[in-house]
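For reference, final18.cif is printed below; it contains mmCIF, N, CA and C atoms.
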```cif
data_input
loop_
_atom_site.label_atom_id
_atom_site.label_comp_id
_atom_site.auth_asym_id
_atom_site.auth_seq_id
_atom_site.Cartn_x
_atom_site.Cartn_y
_atom_site.Cartn_z
N MET Z 1 0.85 -1.17 0.00
CA MET Z 1 0.00 0.00 0.00
C MET Z 1 0.90 1.23 0.00
N ALA Z 2 1.09 1.82 -1.15
CA ALA Z 2 1.94 3.00 -1.27
C ALA Z 2 1.23 4.24 -0.76
N GLY Z 3 1.97 5.08 -0.12
CA GLY Z 3 1.45 6.35 0.34
C GLY Z 3 1.85 7.45 -0.61
N TYR Z 4 1.60 8.68 -0.20
CA TYR Z 4 1.93 9.81 -1.06
C TYR Z 4 2.15 11.06 -0.22
N PHE Z 5 2.72 12.06 -0.85
CA PHE Z 5 2.97 13.34 -0.23
C PHE Z 5 2.04 14.37 -0.86
N GLU Z 6 1.56 15.31 -0.06
CA GLU Z 6 0.77 16.43 -0.55
C GLU Z 6 1.48 17.72 -0.17
N LEU Z 7 1.56 18.63 -1.10
CA LEU Z 7 2.09 19.96 -0.84
C LEU Z 7 0.90 20.87 -0.56
N VAL Z 8 0.88 21.51 0.61
CA VAL Z 8 -0.25 22.36 1.00
C VAL Z 8 0.26 23.71 1.50
N ASP Z 9 -0.62 24.71 1.44
CA ASP Z 9 -0.27 26.02 1.98
C ASP Z 9 -0.19 25.94 3.50
N ALA Z 10 0.82 26.57 4.06
CA ALA Z 10 0.96 26.65 5.52
C ALA Z 10 0.13 27.83 6.02
N PRO Z 11 -0.47 27.73 7.19
CA PRO Z 11 -1.32 28.82 7.69
C PRO Z 11 -0.56 30.13 7.91
N ASP Z 12 0.74 30.04 8.15
CA ASP Z 12 1.54 31.24 8.40
C ASP Z 12 2.36 31.67 7.19
N GLY Z 13 1.98 31.20 6.00
CA GLY Z 13 2.74 31.49 4.79
C GLY Z 13 3.70 30.37 4.48
N GLY Z 14 4.10 30.23 3.24
CA GLY Z 14 4.98 29.15 2.85
C GLY Z 14 4.19 27.89 2.57
N TYR Z 15 4.86 26.75 2.69
CA TYR Z 15 4.26 25.47 2.32
C TYR Z 15 4.61 24.41 3.34
N ARG Z 16 3.75 23.42 3.43
CA ARG Z 16 3.99 22.24 4.26
C ARG Z 16 3.78 21.00 3.41
N ILE Z 17 4.35 19.91 3.87
CA ILE Z 17 4.18 18.62 3.22
C ILE Z 17 3.39 17.73 4.17
N ARG Z 18 2.37 17.11 3.63
CA ARG Z 18 1.64 16.09 4.40
C ARG Z 18 1.98 14.74 3.81
N MET Z 19 2.30 13.78 4.67
CA MET Z 19 2.56 12.41 4.24
C MET Z 19 1.34 11.58 4.62
N LEU Z 20 0.75 10.91 3.63
CA LEU Z 20 -0.44 10.10 3.85
C LEU Z 20 -0.17 8.67 3.43
N ASP Z 21 -0.84 7.72 4.10
CA ASP Z 21 -0.70 6.34 3.68
C ASP Z 21 -1.62 6.08 2.49
N GLY Z 22 -1.62 4.88 1.95
CA GLY Z 22 -2.40 4.55 0.77
C GLY Z 22 -3.89 4.75 0.92
N ALA Z 23 -4.38 4.71 2.16
CA ALA Z 23 -5.80 4.92 2.43
C ALA Z 23 -6.13 6.40 2.64
N GLY Z 24 -5.13 7.26 2.60
CA GLY Z 24 -5.35 8.69 2.79
C GLY Z 24 -5.29 9.15 4.23
N THR Z 25 -4.83 8.30 5.13
CA THR Z 25 -4.70 8.66 6.54
C THR Z 25 -3.43 9.47 6.74
N LEU Z 26 -3.54 10.61 7.41
CA LEU Z 26 -2.40 11.46 7.68
C LEU Z 26 -1.40 10.75 8.59
N MET Z 27 -0.15 10.67 8.14
CA MET Z 27 0.90 10.02 8.90
C MET Z 27 1.86 11.03 9.51
N ALA Z 28 2.11 12.14 8.81
CA ALA Z 28 3.04 13.16 9.31
C ALA Z 28 2.79 14.46 8.56
N ILE Z 29 3.16 15.55 9.21
CA ILE Z 29 3.12 16.85 8.57
C ILE Z 29 4.45 17.55 8.86
N SER Z 30 4.94 18.25 7.88
CA SER Z 30 6.27 18.85 7.99
C SER Z 30 6.25 20.20 8.67
N VAL Z 31 7.42 20.72 8.85
CA VAL Z 31 7.61 22.11 9.24
C VAL Z 31 7.24 22.97 8.04
N THR Z 32 7.21 24.27 8.21
CA THR Z 32 6.91 25.18 7.11
C THR Z 32 8.16 25.44 6.28
N PHE Z 33 8.00 25.30 4.97
CA PHE Z 33 9.06 25.60 4.02
C PHE Z 33 8.76 26.95 3.38
N PRO Z 34 9.78 27.77 3.10
CA PRO Z 34 9.52 29.10 2.56
C PRO Z 34 9.10 29.10 1.09
N THR Z 35 9.52 28.08 0.33
CA THR Z 35 9.21 28.02 -1.10
C THR Z 35 8.79 26.60 -1.49
N LYS Z 36 8.16 26.49 -2.66
CA LYS Z 36 7.81 25.16 -3.16
C LYS Z 36 9.06 24.35 -3.45
N ARG Z 37 10.07 25.01 -3.95
CA ARG Z 37 11.34 24.31 -4.24
C ARG Z 37 11.92 23.69 -2.97
N ALA Z 38 11.90 24.44 -1.88
CA ALA Z 38 12.40 23.92 -0.60
C ALA Z 38 11.53 22.76 -0.12
N ALA Z 39 10.21 22.85 -0.33
CA ALA Z 39 9.31 21.77 0.07
C ALA Z 39 9.59 20.50 -0.71
N VAL Z 40 9.83 20.63 -2.01
CA VAL Z 40 10.16 19.46 -2.84
C VAL Z 40 11.48 18.84 -2.36
N ALA Z 41 12.45 19.67 -2.00
CA ALA Z 41 13.70 19.16 -1.44
C ALA Z 41 13.43 18.44 -0.12
N GLY Z 42 12.46 18.94 0.66
CA GLY Z 42 12.07 18.29 1.91
C GLY Z 42 11.47 16.91 1.67
N VAL Z 43 10.70 16.76 0.60
CA VAL Z 43 10.15 15.44 0.25
C VAL Z 43 11.29 14.48 -0.06
N ALA Z 44 12.27 14.93 -0.82
CA ALA Z 44 13.41 14.07 -1.14
C ALA Z 44 14.13 13.64 0.13
N GLN Z 45 14.30 14.56 1.07
CA GLN Z 45 14.96 14.23 2.33
C GLN Z 45 14.11 13.27 3.15
N ALA Z 46 12.80 13.47 3.17
CA ALA Z 46 11.90 12.58 3.91
C ALA Z 46 11.96 11.16 3.35
N ARG Z 47 12.02 11.04 2.03
CA ARG Z 47 12.13 9.72 1.40
C ARG Z 47 13.42 9.03 1.83
N GLU Z 48 14.50 9.78 1.86
CA GLU Z 48 15.79 9.23 2.28
C GLU Z 48 15.73 8.76 3.73
N ILE Z 49 15.20 9.59 4.60
CA ILE Z 49 15.12 9.25 6.02
C ILE Z 49 14.21 8.05 6.24
N ALA Z 50 13.04 8.07 5.59
CA ALA Z 50 12.07 6.99 5.79
C ALA Z 50 12.63 5.65 5.32
N GLY Z 51 13.45 5.68 4.27
CA GLY Z 51 13.99 4.44 3.74
C GLY Z 51 15.18 3.90 4.51
N THR Z 52 15.89 4.76 5.22
CA THR Z 52 17.13 4.31 5.85
C THR Z 52 17.25 4.66 7.33
N GLY Z 53 16.36 5.50 7.83
CA GLY Z 53 16.52 6.01 9.19
C GLY Z 53 16.20 4.99 10.28
N LEU Z 54 16.90 5.12 11.38
CA LEU Z 54 16.63 4.31 12.57
C LEU Z 54 15.45 4.90 13.32
N ILE Z 55 14.84 4.10 14.17
CA ILE Z 55 13.82 4.59 15.09
C ILE Z 55 14.50 4.75 16.43
N ARG Z 56 14.46 5.96 16.96
CA ARG Z 56 15.05 6.22 18.27
C ARG Z 56 13.93 6.56 19.23
N ASP Z 57 13.75 5.73 20.23
CA ASP Z 57 12.62 5.85 21.15
C ASP Z 57 12.93 6.86 22.25
N ARG Z 58 12.24 8.01 22.23
CA ARG Z 58 12.39 9.02 23.27
C ARG Z 58 11.12 9.15 24.09
N SER Z 59 10.24 8.17 23.99
CA SER Z 59 9.00 8.22 24.75
C SER Z 59 9.29 8.03 26.24
N SER Z 60 8.33 8.41 27.07
CA SER Z 60 8.53 8.33 28.52
C SER Z 60 8.74 6.89 28.98
N ASP Z 61 8.17 5.93 28.26
CA ASP Z 61 8.36 4.54 28.65
C ASP Z 61 9.38 3.83 27.77
N GLY Z 62 10.10 4.62 26.95
CA GLY Z 62 11.11 4.06 26.06
C GLY Z 62 12.30 3.55 26.83
N GLN Z 63 13.05 2.70 26.18
CA GLN Z 63 14.21 2.11 26.83
C GLN Z 63 15.49 2.55 26.16
N SER Z 64 15.46 3.75 25.55
CA SER Z 64 16.65 4.31 24.89
C SER Z 64 17.26 3.32 23.91
N ALA Z 65 16.42 2.71 23.10
CA ALA Z 65 16.90 1.73 22.14
C ALA Z 65 16.76 2.29 20.73
N GLU Z 66 17.71 1.97 19.89
CA GLU Z 66 17.61 2.29 18.48
C GLU Z 66 17.10 1.04 17.78
N MET Z 67 16.12 1.21 16.89
CA MET Z 67 15.55 0.06 16.20
C MET Z 67 15.56 0.33 14.71
N THR Z 68 15.75 -0.72 13.94
CA THR Z 68 15.67 -0.59 12.50
C THR Z 68 14.40 -1.29 12.05
N PRO Z 69 13.76 -0.78 10.98
CA PRO Z 69 12.60 -1.48 10.44
C PRO Z 69 13.02 -2.87 9.96
N GLY Z 70 12.10 -3.79 9.96
CA GLY Z 70 12.42 -5.16 9.53
C GLY Z 70 12.89 -5.96 10.72
N PRO Z 71 13.95 -6.74 10.58
CA PRO Z 71 14.44 -7.53 11.71
C PRO Z 71 14.78 -6.63 12.88
N ARG Z 72 14.36 -7.01 14.04
CA ARG Z 72 14.54 -6.16 15.21
C ARG Z 72 15.98 -6.19 15.70
N VAL Z 73 16.58 -5.02 15.73
CA VAL Z 73 17.94 -4.85 16.22
C VAL Z 73 17.91 -3.72 17.23
N ILE Z 74 18.36 -3.98 18.44
CA ILE Z 74 18.35 -2.95 19.47
C ILE Z 74 19.78 -2.69 19.91
N ARG Z 75 20.14 -1.40 19.90
CA ARG Z 75 21.45 -0.99 20.40
C ARG Z 75 21.21 -0.05 21.56
N ARG Z 76 21.74 -0.36 22.70
CA ARG Z 76 21.59 0.50 23.87
C ARG Z 76 22.45 1.74 23.71
N THR Z 77 21.88 2.89 24.08
CA THR Z 77 22.66 4.12 24.03
C THR Z 77 23.36 4.33 25.36
N PRO Z 78 24.52 4.97 25.35
CA PRO Z 78 25.21 5.25 26.61
C PRO Z 78 24.36 6.13 27.52
N GLY Z 79 24.41 5.92 28.77
CA GLY Z 79 23.70 6.77 29.70
C GLY Z 79 22.46 6.15 30.32
N GLY Z 80 22.08 4.95 29.91
CA GLY Z 80 20.97 4.28 30.55
C GLY Z 80 19.60 4.66 30.00
N ALA Z 81 18.55 4.24 30.71
CA ALA Z 81 17.19 4.34 30.22
C ALA Z 81 16.67 5.77 30.12
N ASN Z 82 17.24 6.70 30.84
CA ASN Z 82 16.73 8.07 30.80
C ASN Z 82 17.34 8.91 29.69
N ARG Z 83 18.25 8.35 28.95
CA ARG Z 83 18.89 9.12 27.89
C ARG Z 83 18.39 8.62 26.54
N GLY Z 84 17.85 9.52 25.71
CA GLY Z 84 17.34 9.13 24.41
C GLY Z 84 17.80 10.09 23.35
N THR Z 85 17.38 9.81 22.14
CA THR Z 85 17.70 10.68 21.02
C THR Z 85 16.46 10.88 20.17
N ALA Z 86 16.53 11.71 19.17
CA ALA Z 86 15.36 12.11 18.40
C ALA Z 86 14.82 10.99 17.53
N LEU Z 87 13.50 11.02 17.30
CA LEU Z 87 12.85 10.10 16.39
C LEU Z 87 13.18 10.51 14.97
N SER Z 88 13.74 9.58 14.18
CA SER Z 88 14.14 9.96 12.83
C SER Z 88 13.24 9.40 11.76
N VAL Z 89 12.57 8.28 11.97
CA VAL Z 89 11.70 7.74 10.95
C VAL Z 89 10.38 8.48 10.96
N GLY Z 90 9.93 8.93 9.79
CA GLY Z 90 8.69 9.65 9.69
C GLY Z 90 8.81 11.13 9.96
N SER Z 91 9.98 11.55 10.41
CA SER Z 91 10.19 12.96 10.68
C SER Z 91 10.39 13.73 9.40
N LEU Z 92 9.76 14.90 9.31
CA LEU Z 92 9.96 15.74 8.14
C LEU Z 92 10.70 17.00 8.54
N ALA Z 93 11.72 16.83 9.35
CA ALA Z 93 12.49 17.97 9.85
C ALA Z 93 13.43 18.54 8.81
N ALA Z 94 13.35 18.06 7.61
CA ALA Z 94 14.23 18.55 6.56
C ALA Z 94 14.01 20.03 6.29
N GLY Z 95 12.88 20.56 6.68
CA GLY Z 95 12.58 21.96 6.46
C GLY Z 95 13.58 22.87 7.13
N LYS Z 96 14.02 22.50 8.31
CA LYS Z 96 15.02 23.31 9.00
C LYS Z 96 16.30 23.37 8.18
N ARG Z 97 16.69 22.22 7.63
CA ARG Z 97 17.89 22.20 6.80
C ARG Z 97 17.65 22.97 5.51
N ALA Z 98 16.46 22.85 4.94
CA ALA Z 98 16.16 23.56 3.69
C ALA Z 98 16.19 25.06 3.91
N ARG Z 99 15.66 25.53 5.04
CA ARG Z 99 15.67 26.96 5.33
C ARG Z 99 17.09 27.47 5.56
N ALA Z 100 17.96 26.61 6.07
CA ALA Z 100 19.33 27.01 6.33
C ALA Z 100 20.10 27.26 5.04
N HIS Z 101 19.60 26.71 3.94
CA HIS Z 101 20.27 26.85 2.65
C HIS Z 101 19.73 27.99 1.81
N ARG Z 102 18.91 28.88 2.39
CA ARG Z 102 18.34 30.00 1.65
C ARG Z 102 19.39 30.99 1.26
#
```
Could I get this structure in the form of structure tokens?
Amino acid sequence: MAGYFELVDAPDGGYRIRMLDGAGTLMAISVTFPTKRAAVAGVAQAREIAGTGLIRDRSSDGQSAEMTPGPRVIRRTPGGANRGTALSVGSLAAGKRARAHR
């Protein structure tokens, strides 16, 4: 079931990307991009991250484990259960990087 990206107007100006699954259910929404060109670059970055990114659990009940999609592989991070890192799969944080290149 392939999903898709939608380019939409951001309420504060600029553009956002919505990622939807094949049934049209919203899965993620991006930061605001200043231009359509930057938003398209954000889609390319999201595709890269979604295809290769680790899942880093920073939830309150998380165990500071990094997981890869598919076969389960857990790597403990230094610092114990209270130390975590950012969620990278499904994140559309590429907008920050795109804005930095203006």
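Among the candidates Z:Ser30, Z:Ala23, Z:Val8, Z:Asp57, the residue lying nearest to Val43 of chain Z is Z:Ser30 (atoms considered: only C-alpha atoms).
Interatomic distance, atom CA of Val40 of chain Z against atom CA of Leu26 of chain Z: 18.2 Å.
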Neighbouring residues of Leu20 of chain Z were defined as those with any atom within 6 Å, considering only N, CA and C atoms; residues of the same chain fewer than 3 positions away were excluded. Please report them as a list of chain:residue names. Z:Gly3, Z:Tyr4, Z:Phe5, Z:Glu6, Z:Ala23, Z:Gly24, Z:Thr25, Z:Leu26, Z:Met27, Z:Ala28
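Compared by their closest atoms to Gly42 of chain Z, and using all atoms listed in the file, the residues Z:Ala10, Z:Leu54, Z:Ile17, Z:Ser60 rank with Z:Ile17 nearest.
Between atom C of Pro11 of chain Z and atom N of Gly53 of chain Z there is a distance of 29.9 Å.
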Using Å and a single decimal, report how far atom CA of Gly13 of chain Z sits from atom CA of Thr32 of chain Z. 7.9 Å
